[in-house]
>>> print(open('final35.cif').read())   # mmCIF, C-alpha atoms
data_structure
loop_
_atom_site.label_atom_id
_atom_site.label_comp_id
_atom_site.auth_asym_id
_atom_site.auth_seq_id
_atom_site.Cartn_x
_atom_site.Cartn_y
_atom_site.Cartn_z
CA MET A 1 6.53 13.44 15.97
CA LYS A 2 7.08 14.15 12.27
CA TYR A 3 7.43 11.37 9.73
CA SER A 4 7.70 11.00 6.00
CA TYR A 5 4.75 8.94 4.85
CA TYR A 6 4.47 6.51 1.95
CA PRO A 7 0.79 5.59 1.31
CA GLY A 8 1.18 3.30 -1.73
CA CYS A 9 -1.01 2.77 -4.79
CA THR A 10 -3.87 0.83 -3.27
CA LEU A 11 -4.38 3.37 -0.50
CA ARG A 12 -5.22 5.87 -3.21
CA THR A 13 -7.81 3.62 -4.81
CA LYS A 14 -9.45 0.56 -3.26
CA ALA A 15 -8.09 1.08 0.24
CA LYS A 16 -8.75 4.78 0.75
CA ASP A 17 -10.22 3.96 4.14
CA LEU A 18 -6.97 2.34 5.37
CA ASP A 19 -5.23 5.63 4.61
CA ALA A 20 -7.92 8.07 5.76
CA TYR A 21 -8.43 6.39 9.15
CA ALA A 22 -4.68 6.32 9.64
CA ARG A 23 -4.25 10.01 8.91
CA ALA A 24 -7.09 11.03 11.22
CA SER A 25 -5.80 8.76 13.99
CA ALA A 26 -2.26 10.06 13.58
CA GLU A 27 -3.53 13.60 13.92
CA ALA A 28 -5.45 12.70 17.06
CA LEU A 29 -2.26 11.21 18.48
CA GLY A 30 -0.12 14.22 17.60
CA ILE A 31 1.77 12.39 14.88
CA GLU A 32 2.47 14.30 11.69
CA LEU A 33 2.48 12.08 8.61
CA ILE A 34 3.94 14.09 5.74
CA GLU A 35 3.31 12.40 2.43
CA ILE A 36 6.47 12.28 0.34
CA GLU A 37 6.22 14.03 -3.00
CA ASP A 38 5.89 12.14 -6.26
CA TRP A 39 6.10 8.70 -4.70
CA GLN A 40 5.77 5.76 -7.06
CA CYS A 41 4.21 2.32 -6.61
CA CYS A 42 6.56 -0.09 -4.82
CA GLY A 43 5.54 -2.91 -7.18
CA GLY A 44 3.60 -4.86 -4.56
CA VAL A 45 6.13 -7.67 -4.23
CA TYR A 46 9.81 -7.48 -3.40
CA PRO A 47 11.92 -8.32 -6.48
CA LEU A 48 13.79 -11.38 -5.22
CA GLY A 49 16.36 -11.60 -8.01
CA SER A 50 19.73 -10.30 -6.89
CA ASP A 51 20.24 -8.83 -10.38
CA GLU A 52 17.00 -6.84 -10.33
CA ILE A 53 17.78 -3.16 -9.91
CA ALA A 54 15.21 -1.13 -11.87
CA THR A 55 12.31 -2.73 -10.01
CA LYS A 56 13.81 -1.59 -6.70
CA LEU A 57 14.25 2.07 -7.67
CA SER A 58 10.81 3.34 -6.69
CA SER A 59 11.55 2.23 -3.13
CA VAL A 60 14.98 3.83 -3.25
CA ARG A 61 13.42 7.12 -4.36
CA ALA A 62 11.01 7.08 -1.41
CA LEU A 63 13.80 6.18 1.00
CA ALA A 64 16.09 8.90 -0.34
CA ALA A 65 13.28 11.49 -0.12
CA ALA A 66 12.83 10.69 3.57
CA LYS A 67 16.58 10.83 4.13
CA GLU A 68 16.70 14.31 2.62
CA LYS A 69 14.25 15.50 5.24
CA ASN A 70 16.03 13.57 7.94
CA GLN A 71 12.82 11.75 8.81
CA SER A 72 11.87 8.13 9.29
CA LEU A 73 9.65 6.69 6.58
CA VAL A 74 6.26 5.39 7.69
CA THR A 75 4.35 2.77 5.69
CA MET A 76 0.76 1.64 6.16
CA CYS A 77 0.26 -1.32 3.80
CA SER A 78 1.97 -4.61 4.68
CA ALA A 79 3.17 -5.14 1.11
CA CYS A 80 4.68 -1.66 0.71
CA HIS A 81 6.34 -2.08 4.07
CA HIS A 82 7.82 -5.42 3.09
CA VAL A 83 9.18 -4.14 -0.22
CA ILE A 84 10.59 -0.85 1.05
CA LYS A 85 12.11 -2.37 4.17
CA ARG A 86 13.86 -5.09 2.15
CA VAL A 87 15.11 -2.69 -0.50
CA ASN A 88 16.46 -0.52 2.31
CA ASP A 89 18.32 -3.53 3.67
CA ASP A 90 19.77 -4.15 0.19
CA MET A 91 20.93 -0.55 -0.05
CA LYS A 92 22.58 -0.83 3.33
CA ASN A 93 24.15 -4.26 3.08
CA VAL A 94 24.41 -5.42 -0.54
CA GLU A 95 27.22 -3.55 -2.21
CA ASP A 96 26.38 -4.58 -5.76
CA ILE A 97 22.76 -3.41 -5.51
CA ARG A 98 23.77 -0.21 -3.71
CA THR A 99 26.33 0.71 -6.36
CA ARG A 100 24.12 -0.06 -9.32
CA ALA A 101 21.01 1.61 -7.87
CA ASN A 102 23.02 4.74 -7.07
CA ASN A 103 24.45 4.75 -10.58
CA TYR A 104 20.90 4.94 -11.90
CA MET A 105 19.72 7.47 -9.38
CA GLU A 106 22.52 10.03 -9.58
CA LEU A 107 21.53 11.58 -6.26
CA ASP A 108 23.54 14.46 -4.80
CA GLU A 109 24.70 12.08 -2.14
CA PRO A 110 24.54 8.30 -2.69
CA TYR A 111 21.85 6.50 -0.71
CA ALA A 112 23.13 3.73 1.57
CA GLY A 113 20.17 2.62 3.65
CA GLU A 114 20.23 5.49 6.15
CA THR A 115 16.45 5.87 6.45
CA GLU A 116 14.57 4.11 9.23
CA VAL A 117 11.50 2.32 7.82
CA LEU A 118 8.60 1.98 10.23
CA HIS A 119 5.23 0.39 9.75
CA PHE A 120 2.53 2.51 11.42
CA LEU A 121 1.98 -0.33 13.91
CA GLU A 122 5.63 0.01 14.90
CA VAL A 123 5.15 3.75 15.35
CA LEU A 124 2.26 2.98 17.70
CA ARG A 125 4.29 0.40 19.62
CA ASP A 126 7.75 1.94 19.67
CA LYS A 127 7.26 5.69 19.34
CA VAL A 128 3.85 6.38 20.87
CA GLY A 129 3.79 3.29 23.10
CA PHE A 130 0.71 1.14 23.60
CA ASP A 131 0.35 2.37 27.20
CA GLU A 132 0.23 5.96 25.98
CA LEU A 133 -2.17 5.00 23.21
CA LYS A 134 -4.44 3.43 25.79
CA LYS A 135 -4.56 6.72 27.68
CA LYS A 136 -5.66 8.55 24.55
CA VAL A 137 -8.52 6.18 23.76
CA THR A 138 -11.83 7.97 24.30
CA ASN A 139 -14.10 5.26 23.00
CA PRO A 140 -12.70 1.87 24.08
CA LEU A 141 -13.95 -1.10 22.11
CA THR A 142 -14.83 -2.97 25.27
CA GLY A 143 -15.99 -6.54 24.88
CA LYS A 144 -15.14 -6.88 21.20
CA LYS A 145 -13.33 -10.10 20.41
CA ILE A 146 -10.89 -9.42 17.63
CA GLY A 147 -8.52 -11.71 15.77
CA ALA A 148 -5.28 -10.22 14.45
CA TYR A 149 -4.53 -11.37 10.93
CA TYR A 150 -0.82 -10.89 10.32
CA GLY A 151 -0.37 -12.79 7.09
CA CYS A 152 3.15 -13.11 5.71
CA LEU A 153 4.62 -9.84 4.65
CA LEU A 154 4.93 -8.03 7.97
CA LEU A 155 6.63 -10.97 9.63
CA ARG A 156 8.80 -12.87 7.17
CA PRO A 157 11.71 -13.13 6.66
CA SER A 158 12.00 -12.05 10.29
CA LYS A 159 15.75 -11.41 10.05
CA LEU A 160 15.04 -8.60 7.59
CA LEU A 161 11.64 -7.38 8.73
CA SER A 162 12.51 -7.36 12.48
CA PHE A 163 8.83 -6.69 13.08
CA ASP A 164 7.95 -9.24 15.72
CA ASP A 165 8.40 -12.91 16.62
CA PRO A 166 7.40 -14.51 13.29
CA GLU A 167 5.88 -17.62 14.88
CA ASN A 168 4.25 -16.04 17.88
CA PRO A 169 3.72 -12.34 17.19
CA ARG A 170 1.95 -10.07 19.64
CA ILE A 171 2.10 -6.53 18.29
CA ILE A 172 -1.44 -6.54 16.86
CA GLU A 173 -2.79 -8.31 19.95
CA ASP A 174 -1.18 -5.60 22.09
CA PHE A 175 -2.73 -3.01 19.79
CA ILE A 176 -6.15 -4.65 20.26
CA ARG A 177 -5.70 -4.50 24.04
CA ALA A 178 -4.66 -0.85 23.84
CA ILE A 179 -7.91 0.11 22.13
CA GLY A 180 -9.85 -1.68 24.85
CA ALA A 181 -10.86 -4.83 22.99
CA GLU A 182 -9.99 -8.47 23.58
CA PRO A 183 -7.53 -10.22 21.26
CA VAL A 184 -8.33 -13.74 20.07
CA ILE A 185 -5.24 -15.81 19.36
CA TYR A 186 -5.81 -18.46 16.71
CA PRO A 187 -3.33 -20.73 14.90
CA TYR A 188 -3.77 -19.44 11.35
CA ARG A 189 -3.05 -15.79 12.08
CA ASN A 190 0.35 -15.88 10.36
CA GLU A 191 -0.63 -18.22 7.50
CA CYS A 192 -0.71 -16.89 3.94
CA CYS A 193 -4.03 -15.71 2.40
CA GLY A 194 -2.73 -16.70 -1.03
CA GLY A 195 -1.51 -13.22 -1.96
CA TYR A 196 -1.25 -12.64 -5.70
CA ILE A 197 -2.34 -16.22 -6.49
CA SER A 198 -5.94 -14.97 -6.24
CA LEU A 199 -5.69 -13.29 -9.62
CA LYS A 200 -5.38 -16.47 -11.66
CA GLU A 201 -6.05 -19.26 -9.15
CA LYS A 202 -9.03 -17.98 -7.27
CA GLU A 203 -9.94 -21.35 -5.74
CA MET A 204 -6.52 -21.77 -4.19
CA SER A 205 -6.64 -18.59 -2.18
CA LYS A 206 -10.29 -19.13 -1.34
CA ASN A 207 -9.45 -22.47 0.26
CA MET A 208 -6.61 -20.94 2.22
CA CYS A 209 -8.77 -18.06 3.44
CA GLU A 210 -11.53 -20.42 4.51
CA LYS A 211 -9.08 -22.19 6.79
CA ILE A 212 -8.00 -18.86 8.28
CA MET A 213 -11.59 -17.73 8.81
CA GLU A 214 -12.67 -21.04 10.31
CA SER A 215 -9.70 -21.05 12.61
CA ALA A 216 -10.42 -17.51 13.82
CA GLU A 217 -14.12 -18.16 14.23
CA GLY A 218 -13.49 -21.44 16.03
CA PHE A 219 -11.38 -19.64 18.60
CA GLY A 220 -14.13 -17.08 19.19
CA ALA A 221 -13.15 -14.10 17.05
CA GLU A 222 -16.00 -11.80 15.99
CA MET A 223 -13.94 -9.93 13.45
CA LEU A 224 -10.46 -9.85 11.93
CA ILE A 225 -8.15 -6.91 11.47
CA THR A 226 -5.37 -6.55 8.93
CA ALA A 227 -2.96 -3.98 7.53
CA CYS A 228 -3.00 -5.34 3.99
CA PRO A 229 -5.56 -4.54 1.25
CA LEU A 230 -4.81 -7.80 -0.57
CA CYS A 231 -5.30 -9.90 2.58
CA LEU A 232 -8.59 -8.07 3.15
CA TYR A 233 -9.72 -8.73 -0.41
CA ASN A 234 -8.78 -12.41 -0.30
CA LEU A 235 -10.32 -13.00 3.13
CA ASN A 236 -13.55 -11.37 1.97
CA LYS A 237 -13.75 -13.94 -0.83
CA SER A 238 -14.02 -16.74 1.71
CA THR A 239 -17.41 -18.36 1.48
CA GLY A 240 -17.23 -20.59 4.54
CA ALA A 241 -17.01 -18.68 7.77
CA THR A 242 -17.53 -15.03 7.01
CA LEU A 243 -16.25 -12.77 9.74
CA PRO A 244 -16.06 -9.06 9.00
CA VAL A 245 -12.52 -8.02 8.06
CA VAL A 246 -11.47 -4.42 8.64
CA TYR A 247 -8.29 -2.39 8.61
CA PHE A 248 -6.60 -1.88 11.97
CA THR A 249 -6.70 1.87 11.34
CA GLU A 250 -10.51 1.85 11.26
CA LEU A 251 -10.66 0.46 14.79
CA LEU A 252 -7.94 2.86 15.89
CA ALA A 253 -9.97 5.79 14.55
CA GLU A 254 -13.07 4.43 16.26
CA ALA A 255 -11.27 4.10 19.58
CA LEU A 256 -9.89 7.63 19.27
CA GLY A 257 -13.35 8.99 18.47
CA VAL A 258 -12.53 10.23 14.97
CA LYS A 259 -14.11 7.49 12.88
CA ASP A 260 -17.42 9.09 11.90
CA GLU A 261 -16.05 12.20 10.23
CA VAL A 262 -13.56 10.12 8.24
CA LYS A 263 -16.23 7.67 7.19
CA LYS A 264 -18.25 10.48 5.61
CA GLU A 265 -15.16 11.71 3.79
CA VAL A 266 -14.31 8.27 2.42
CA GLN A 267 -17.85 7.62 1.28
CA ALA A 268 -18.01 10.99 -0.45
CA SER A 269 -14.72 10.50 -2.32
CA MET B 270 28.76 -25.69 -21.05
CA SER B 271 25.43 -27.38 -21.74
CA SER B 272 22.46 -25.10 -21.74
CA GLU B 273 20.98 -26.81 -18.69
CA LYS B 274 24.23 -26.34 -16.81
CA LYS B 275 24.19 -22.69 -17.83
CA GLN B 276 20.62 -22.30 -16.65
CA ALA B 277 21.44 -23.97 -13.34
CA GLU B 278 24.25 -21.46 -12.88
CA MET B 279 21.88 -18.66 -13.78
CA ILE B 280 19.33 -19.82 -11.19
CA LYS B 281 22.05 -19.92 -8.53
CA GLU B 282 23.28 -16.49 -9.52
CA ILE B 283 19.87 -14.79 -9.65
CA SER B 284 18.76 -16.36 -6.38
CA GLY B 285 22.06 -16.05 -4.58
CA VAL B 286 21.28 -19.48 -3.11
CA ASN B 287 23.79 -22.26 -2.53
CA PRO B 288 21.64 -25.42 -2.86
CA LEU B 289 24.48 -27.58 -1.50
CA LYS B 290 23.76 -26.22 1.96
CA CYS B 291 20.49 -28.19 1.97
CA MET B 292 20.40 -31.13 4.40
CA LYS B 293 17.12 -32.49 3.03
CA CYS B 294 15.13 -32.14 6.24
CA GLY B 295 11.98 -31.33 4.27
CA LYS B 296 10.86 -28.53 6.56
CA CYS B 297 10.28 -26.21 3.57
CA SER B 298 7.85 -28.64 1.98
CA ALA B 299 6.19 -29.38 5.30
CA THR B 300 5.48 -25.70 5.84
CA CYS B 301 4.56 -24.75 2.26
CA PRO B 302 0.90 -23.71 1.95
CA SER B 303 0.97 -24.62 -1.76
CA TYR B 304 2.50 -28.08 -1.22
CA ASN B 305 -0.54 -29.98 -2.49
CA GLU B 306 -0.62 -27.93 -5.69
CA MET B 307 3.04 -28.42 -6.54
CA ASP B 308 4.34 -31.16 -8.81
CA ILE B 309 7.94 -30.51 -7.75
CA LYS B 310 7.94 -29.82 -4.01
CA PRO B 311 10.14 -27.10 -2.48
CA HIS B 312 12.74 -29.54 -1.04
CA GLN B 313 12.88 -31.38 -4.38
CA PHE B 314 13.41 -28.08 -6.14
CA VAL B 315 16.76 -27.76 -4.42
CA SER B 316 17.82 -31.22 -5.64
CA TYR B 317 16.74 -30.47 -9.21
CA VAL B 318 19.03 -27.45 -9.22
CA ILE B 319 21.91 -29.50 -7.80
CA ASN B 320 21.32 -32.17 -10.46
CA GLU B 321 20.94 -29.52 -13.15
CA ASP B 322 17.62 -30.93 -14.27
CA ILE B 323 16.42 -27.51 -15.34
CA GLU B 324 14.17 -28.73 -18.13
CA SER B 325 11.86 -30.26 -15.50
CA LEU B 326 11.98 -27.13 -13.37
CA VAL B 327 11.09 -24.64 -16.05
CA ASN B 328 8.15 -26.80 -17.08
CA SER B 329 6.98 -27.33 -13.52
CA LYS B 330 3.65 -25.86 -12.49
CA SER B 331 5.20 -25.22 -9.07
CA LEU B 332 6.67 -22.02 -10.48
CA TRP B 333 3.17 -20.56 -10.66
CA LYS B 334 1.93 -21.97 -7.35
CA CYS B 335 4.54 -20.40 -5.10
CA LEU B 336 3.00 -17.53 -3.10
CA SER B 337 6.24 -15.84 -1.99
CA CYS B 338 4.92 -16.17 1.55
CA PHE B 339 8.47 -16.84 2.82
CA ALA B 340 7.37 -19.64 5.15
CA CYS B 341 10.13 -21.86 3.68
CA VAL B 342 12.68 -19.06 3.86
CA GLU B 343 11.81 -18.31 7.49
CA ARG B 344 11.85 -21.91 8.67
CA CYS B 345 14.81 -23.39 6.79
CA PRO B 346 17.36 -24.39 9.43
CA ARG B 347 20.18 -24.07 6.86
CA ASP B 348 19.14 -20.72 5.39
CA VAL B 349 18.86 -22.21 1.88
CA LYS B 350 15.83 -20.08 0.90
CA PRO B 351 13.97 -22.45 -1.46
CA GLY B 352 11.47 -19.68 -2.30
CA LYS B 353 14.26 -17.64 -3.85
CA LEU B 354 15.29 -20.61 -6.00
CA ILE B 355 11.73 -20.99 -7.24
CA ASP B 356 11.59 -17.28 -8.06
CA ALA B 357 14.88 -17.49 -9.95
CA ALA B 358 13.56 -20.41 -12.02
CA ARG B 359 10.45 -18.32 -12.74
CA GLN B 360 12.71 -15.48 -13.86
CA VAL B 361 14.60 -17.80 -16.20
CA VAL B 362 11.26 -18.56 -17.85
CA VAL B 363 9.65 -15.12 -18.01
CA ARG B 364 12.81 -13.38 -19.15
CA GLN B 365 12.55 -15.28 -22.42
CA ARG B 366 10.54 -13.78 -25.23
CA SER B 367 6.77 -14.37 -24.94
CA GLN B 368 7.02 -16.67 -21.95
CA ASP B 369 4.90 -14.48 -19.69
CA TYR B 370 2.56 -16.44 -17.47
CA LEU B 371 0.13 -13.53 -17.35
CA LYS B 372 -0.86 -11.75 -20.53
CA ALA B 373 -2.36 -8.26 -20.53
CA ASP B 374 -5.28 -9.55 -22.62
CA GLU B 375 -6.28 -11.90 -19.84
CA ILE B 376 -6.72 -9.12 -17.30
CA PRO B 377 -10.25 -7.81 -18.07
CA GLU B 378 -11.94 -11.12 -17.37
CA LEU B 379 -10.00 -11.59 -14.13
CA LEU B 380 -11.17 -8.29 -12.66
CA ASP B 381 -13.94 -7.61 -10.20
CA PRO B 382 -15.00 -4.32 -8.60
CA GLU B 383 -13.23 -4.94 -5.28
CA LEU B 384 -9.96 -6.17 -6.73
CA PRO B 385 -7.10 -4.05 -5.32
CA GLN B 386 -4.44 -2.52 -7.59
CA GLN B 387 -1.88 -4.19 -5.41
CA LEU B 388 -3.00 -7.58 -6.72
CA LEU B 389 -2.45 -6.58 -10.33
CA VAL B 390 0.98 -5.07 -9.82
CA SER B 391 2.09 -8.00 -7.69
CA ALA B 392 0.96 -10.58 -10.23
CA PHE B 393 2.57 -8.64 -13.06
CA ARG B 394 5.85 -8.57 -11.17
CA ARG B 395 5.87 -12.27 -10.44
CA TYR B 396 4.40 -13.60 -13.67
CA ARG B 397 6.05 -11.55 -16.36
CA ARG B 398 9.07 -9.59 -17.23
#
>>> encode(input="final35.cif", output="C-alpha cells")
Amino acid sequence: MKYSYYPGCTLRTKAKDLDAYARASAEALGIELIEIEDWQCCGGVYPLGSDEIATKLSSVRALAAAKEKNQSLVTMCSACHHVIKRVNDDMKNVEDIRTRANNYMELDEPYAGETEVLHFLEVLRDKVGFDELKKKVTNPLTGKKIGAYYGCLLLRPSKLLSFDDPENPRIIEDFIRAIGAEPVIYPYRNECCGGYISLKEKEMSKNMCEKIMESAEGFGAEMLITACPLCLYNLNKSTGATLPVVYFTELLAEALGVKDEVKKEVQAS
Amino acid sequence: MSSEKKQAEMIKEISGVNPLKCMKCGKCSATCPSYNEMDIKPHQFVSYVINEDIESLVNSKSLWKCLSCFACVERCPRDVKPGKLIDAARQVVVRQRSQDYLKADEIPELLDPELPQQLLVSAFRRYRR
C-alpha cells in the first residue's frame, strides 16, 4: 500500500511524536507513506468564505501532487484533514472555486478533485481493516480503559467529511479494540475543545476542556486519545480532571511493538 | 443601496447562505458551545441578516466567540449553516483596513512553550485578513 502523505506544520514542530509514531506504525503494517514534496501549511482552518481562493491553494497543491502520482493522500492531523478534504470537495463540486483556483495554479492538467483524501484512521479501518490490524498487534494494551476524543474537525460537517456517524462515531473505539484495549464511551467525546479560541480566550477553552475531561473520567476512562495537536494542547490545559492525553499513533506504535525506538528518536530531535 | 443593505448582501454572498430558509427552531443556539459567551445568539444572527441590521452584527462580540466547530452547521434541519454567516460577518470586519482582531504585536505574550503552530495559523486565519 503506497500513499502520498501530508504531515502538516505542527507535525514538524510541536507534534513530532504524532508523525514519528505514525510513520513507524505504517512501516510495521506494510504501508508506505511517501511525503509529498514542498508541501505547504494548510492554514489550520478551512476558509469558509466562498470567495476565498488564495487561502485554499496550499491544499490544492498537495492534492494535485498526489494526483500526479496517482496515489491517495493521507493526512494525520484532524485539522489538516478537515481543510484538505473540504478544499477537495470544492474543487470537485464548486465550479467557481475550481475555475479560479486552476487559473492561479496553471497546472498541466486542471485539478478537479480527483484525489482521494484519507485520514490515517480511515486507512486503518478501510484499507488495512481493524481485524487485520488486530492480528498484527504484538503487544496488546490489555485492560487499558481509553476514551476516544474526536472533537469537531474529523466529524463535522458529516456530509463533507464522510468520516463516521457525527453523533455516535465508533471508528476510534474500534481502533482501541483492535489494539487490545477497552474503549470508554462518554458523552463529550465529540464536543469542541475550544480550538483556536485558546489563543486569546484561554478561560473559555479551559472550561470546555474541563467538561470533556470530567465526562471522560466520570465514565471510567484512564486516558484520552486524539488525532489533533490543538485538541491535545487544549485538553492538557484543563486543571480539573487531568487524564493523560496522547496521540492515537503513540498507542498504535506501542501495540505494534515499535514505540521505544521512536521515542528515543523523538526525544533526541 | 444603503451601506447596511450592501453589507447584508455581501454577507449572503460570502457565506453562500440563504437566511430565509431558517424556520427559527433554535437548534443552532441550543447546540452552540459558545452560547453563553455570545451577545447575539446563532439563531438571532440569521434574523439580523434578514433584517439587515448589520451595524449590530459587526459590533457583536459573537464574531470572536464562534469556534467554527460546525455543531450548528451539522445539526441545522434546514441546512442554513449559521456558522458560515458568522464567519462572513467576521470577514466583512477584518477585510477593512486595520480591523484585525488579532495583532502581530499581541502574539509574544500569548505564547507558551507547548503552544502548537496550528493554533497560531488558525487564529490568524479567523481573526485577520
>>> interface_residues(input="final35.cif", of="chain B", to="chain A", cutoff="7 Å", atoms="only C-alpha atoms", output="list in words")
Ile283, Ser284, Gly285, Leu336, Cys338, Phe339, Val342, Glu343, Lys353, Asp356, Ala357, Leu379, Glu383, Leu384, Pro385, Gln386, Gln387, Leu388, Val390, Ser391, Ala392 and Arg394 of chain B
>>> resolve_selection(input="final35.cif", expression="the PyMOL selection byres ((chain A and resi 259-264) around 8)", output="ChimeraX atom specification")
/A:17,20-21,24,250,253-254,256-258,265-268
>>> write_last_selection(input="final35.cif", atoms="C-alpha atoms", output="tab-separated table (two decimals), in the coordinates of the input")
chain	number	residue	atom	x	y	z
A	17	ASP	CA	-10.22	3.96	4.14
A	20	ALA	CA	-7.92	8.07	5.76
A	21	TYR	CA	-8.43	6.39	9.15
A	24	ALA	CA	-7.09	11.03	11.22
A	250	GLU	CA	-10.51	1.85	11.26
A	253	ALA	CA	-9.97	5.79	14.55
A	254	GLU	CA	-13.07	4.43	16.26
A	256	LEU	CA	-9.89	7.63	19.27
A	257	GLY	CA	-13.35	8.99	18.47
A	258	VAL	CA	-12.53	10.23	14.97
A	265	GLU	CA	-15.16	11.71	3.79
A	266	VAL	CA	-14.31	8.27	2.42
A	267	GLN	CA	-17.85	7.62	1.28
A	268	ALA	CA	-18.01	10.99	-0.45
>>> axis_aligned_box(input="final35.cif", around="range 36-44 of chain A", padding_each_side="4 Å", output="lines of an AutoDock Vina configuration file")
center_x = 5.1
center_y = 4.6
center_z = -3.4
size_x = 11.0
size_y = 26.9
size_z = 15.5
>>> residues_around(input="final35.cif", residues="Ala373 in chain B", least_positions_apart="5", cutoff="12 Å", atoms="all atoms listed in the file", output="VMD selection string")
chain B and resid 367 378 to 380 389 to 390 392 to 393 396 to 398
>>> resolve_selection(input="final35.cif", expression="the PyMOL selection byres ((chain B and resi 331) around 7)", output="PyMOL selection string")
chain B and resi 307-309+329-330+332-335
>>> write_last_selection(input="final35.cif", atoms="C-alpha atoms", output="JSON list (two decimals), in the frame of the given file")
[["chain", "number", "residue", "atom", "x", "y", "z"],
["B", 307, "MET", "CA", 3.04, -28.42, -6.54],
["B", 308, "ASP", "CA", 4.34, -31.16, -8.81],
["B", 309, "ILE", "CA", 7.94, -30.51, -7.75],
["B", 329, "SER", "CA", 6.98, -27.33, -13.52],
["B", 330, "LYS", "CA", 3.65, -25.86, -12.49],
["B", 332, "LEU", "CA", 6.67, -22.02, -10.48],
["B", 333, "TRP", "CA", 3.17, -20.56, -10.66],
["B", 334, "LYS", "CA", 1.93, -21.97, -7.35],
["B", 335, "CYS", "CA", 4.54, -20.40, -5.10]]
>>> resolve_selection(input="final35.cif", expression="the PyMOL selection byres ((chain B and resi 312) around 7)", output="list of chain:residue names")
B:Lys293, B:Gly295, B:Cys297, B:Ser298, B:Lys310, B:Pro311, B:Gln313, B:Phe314, B:Val315
>>> closest_residue(input="final35.cif", among="A:Ser4, A:Asn103, A:Ser59, A:Asn139", to="Ile31 in chain A", atoms="all atoms listed in the file")
A:Ser4
>>> residues_around(input="final35.cif", residues="Ala216 in chain A", least_positions_apart="2", cutoff="12 Å", atoms="only C-alpha atoms", output="CSV table (one decimal) with C-alpha atoms, keeping the file's coordinate frame")
chain,number,residue,atom,x,y,z
A,145,LYS,CA,-13.3,-10.1,20.4
A,146,ILE,CA,-10.9,-9.4,17.6
A,147,GLY,CA,-8.5,-11.7,15.8
A,148,ALA,CA,-5.3,-10.2,14.4
A,149,TYR,CA,-4.5,-11.4,10.9
A,183,PRO,CA,-7.5,-10.2,21.3
A,184,VAL,CA,-8.3,-13.7,20.1
A,185,ILE,CA,-5.2,-15.8,19.4
A,186,TYR,CA,-5.8,-18.5,16.7
A,187,PRO,CA,-3.3,-20.7,14.9
A,188,TYR,CA,-3.8,-19.4,11.4
A,189,ARG,CA,-3.0,-15.8,12.1
A,190,ASN,CA,0.4,-15.9,10.4
A,191,GLU,CA,-0.6,-18.2,7.5
A,209,CYS,CA,-8.8,-18.1,3.4
A,210,GLU,CA,-11.5,-20.4,4.5
A,211,LYS,CA,-9.1,-22.2,6.8
A,212,ILE,CA,-8.0,-18.9,8.3
A,213,MET,CA,-11.6,-17.7,8.8
A,214,GLU,CA,-12.7,-21.0,10.3
A,218,GLY,CA,-13.5,-21.4,16.0
A,219,PHE,CA,-11.4,-19.6,18.6
A,220,GLY,CA,-14.1,-17.1,19.2
A,221,ALA,CA,-13.2,-14.1,17.0
A,222,GLU,CA,-16.0,-11.8,16.0
A,223,MET,CA,-13.9,-9.9,13.4
A,224,LEU,CA,-10.5,-9.8,11.9
A,225,ILE,CA,-8.2,-6.9,11.5
A,235,LEU,CA,-10.3,-13.0,3.1
A,240,GLY,CA,-17.2,-20.6,4.5
A,241,ALA,CA,-17.0,-18.7,7.8
A,242,THR,CA,-17.5,-15.0,7.0
A,243,LEU,CA,-16.2,-12.8,9.7
A,244,PRO,CA,-16.1,-9.1,9.0
A,245,VAL,CA,-12.5,-8.0,8.1
>>> atom_distance(input="final35.cif", atom1="CA of Glu116 in chain A", atom2="CA of Lys92 in chain A")
11.1 Å
>>> closest_residue(input="final35.cif", among="A:Val137, A:Leu154, A:Ala28, A:Ala227", to="Val83 in chain A", atoms="all atoms listed in the file")
A:Leu154
>>> residues_around(input="final35.cif", residues="Thr115 in chain A", least_positions_apart="6", cutoff="9 Å", atoms="only C-alpha atoms", output="PDB file with C-alpha atoms, in the frame of the given file")
ATOM      1  CA  LEU A  63      13.800   6.180   1.000  1.00  0.00           C
ATOM      2  CA  ALA A  64      16.090   8.900  -0.340  1.00  0.00           C
ATOM      3  CA  ALA A  66      12.830  10.690   3.570  1.00  0.00           C
ATOM      4  CA  LYS A  67      16.580  10.830   4.130  1.00  0.00           C
ATOM      5  CA  ASN A  70      16.030  13.570   7.940  1.00  0.00           C
ATOM      6  CA  GLN A  71      12.820  11.750   8.810  1.00  0.00           C
ATOM      7  CA  SER A  72      11.870   8.130   9.290  1.00  0.00           C
ATOM      8  CA  LEU A  73       9.650   6.690   6.580  1.00  0.00           C
ATOM      9  CA  ASN A  88      16.460  -0.520   2.310  1.00  0.00           C
TER      10      ASN A  88
END
>>> atom_distance(input="final35.cif", atom1="CA of Met91 in chain A", atom2="CA of Pro110 in chain A")
9.9 Å
>>> atom_distance(input="final35.cif", atom1="CA of Thr249 in chain A", atom2="CA of Lys56 in chain A")
27.5 Å
>>> residues_around(input="final35.cif", residues="Leu33 in chain A", least_positions_apart="6", cutoff="7 Å", atoms="all atoms listed in the file", output="CSV table (one decimal) with C-alpha atoms, in the frame of the given file")
chain,number,residue,atom,x,y,z
A,2,LYS,CA,7.1,14.2,12.3
A,3,TYR,CA,7.4,11.4,9.7
A,4,SER,CA,7.7,11.0,6.0
A,5,TYR,CA,4.8,8.9,4.8
>>> closest_residue(input="final35.cif", among="B:Arg395, B:Ile323, B:Asp374, B:Arg366", to="Glu273 in chain B", atoms="all atoms listed in the file")
B:Ile323
>>> closest_residue(input="final35.cif", among="A:His81, A:Lys134, A:Lys16, A:Lys237", to="Phe175 in chain A", atoms="all atoms listed in the file")
A:Lys134
>>> residues_around(input="final35.cif", residues="Thr142 in chain A", least_positions_apart="4", cutoff="12 Å", atoms="only C-alpha atoms", output="number ranges by chain")
A: 137-138, 146, 176-183, 251, 254-255
>>> closest_residue(input="final35.cif", among="A:Glu106, A:Glu114, A:Glu203, A:Asp19", to="Lys85 in chain A", atoms="only C-alpha atoms")
A:Glu114
>>> decode(input="final35.cif", residues="range 136-145 of chain A", atoms="C-alpha atoms", output="compact mmCIF listing (two decimals), in the first residue's frame")
# COMPACT_ATOMS: atom_id res chain seq x y z
CA LYS A 136 -0.57 -7.64 13.69
CA VAL A 137 -0.64 -6.40 17.27
CA THR A 138 2.27 -7.92 19.19
CA ASN A 139 1.82 -6.01 22.41
CA PRO A 140 -1.92 -5.65 23.10
CA LEU A 141 -2.86 -2.91 25.53
CA THR A 142 -5.00 -5.28 27.55
CA GLY A 143 -7.02 -3.78 30.37
CA LYS A 144 -6.39 -0.15 29.48
CA LYS A 145 -9.54 1.94 29.56
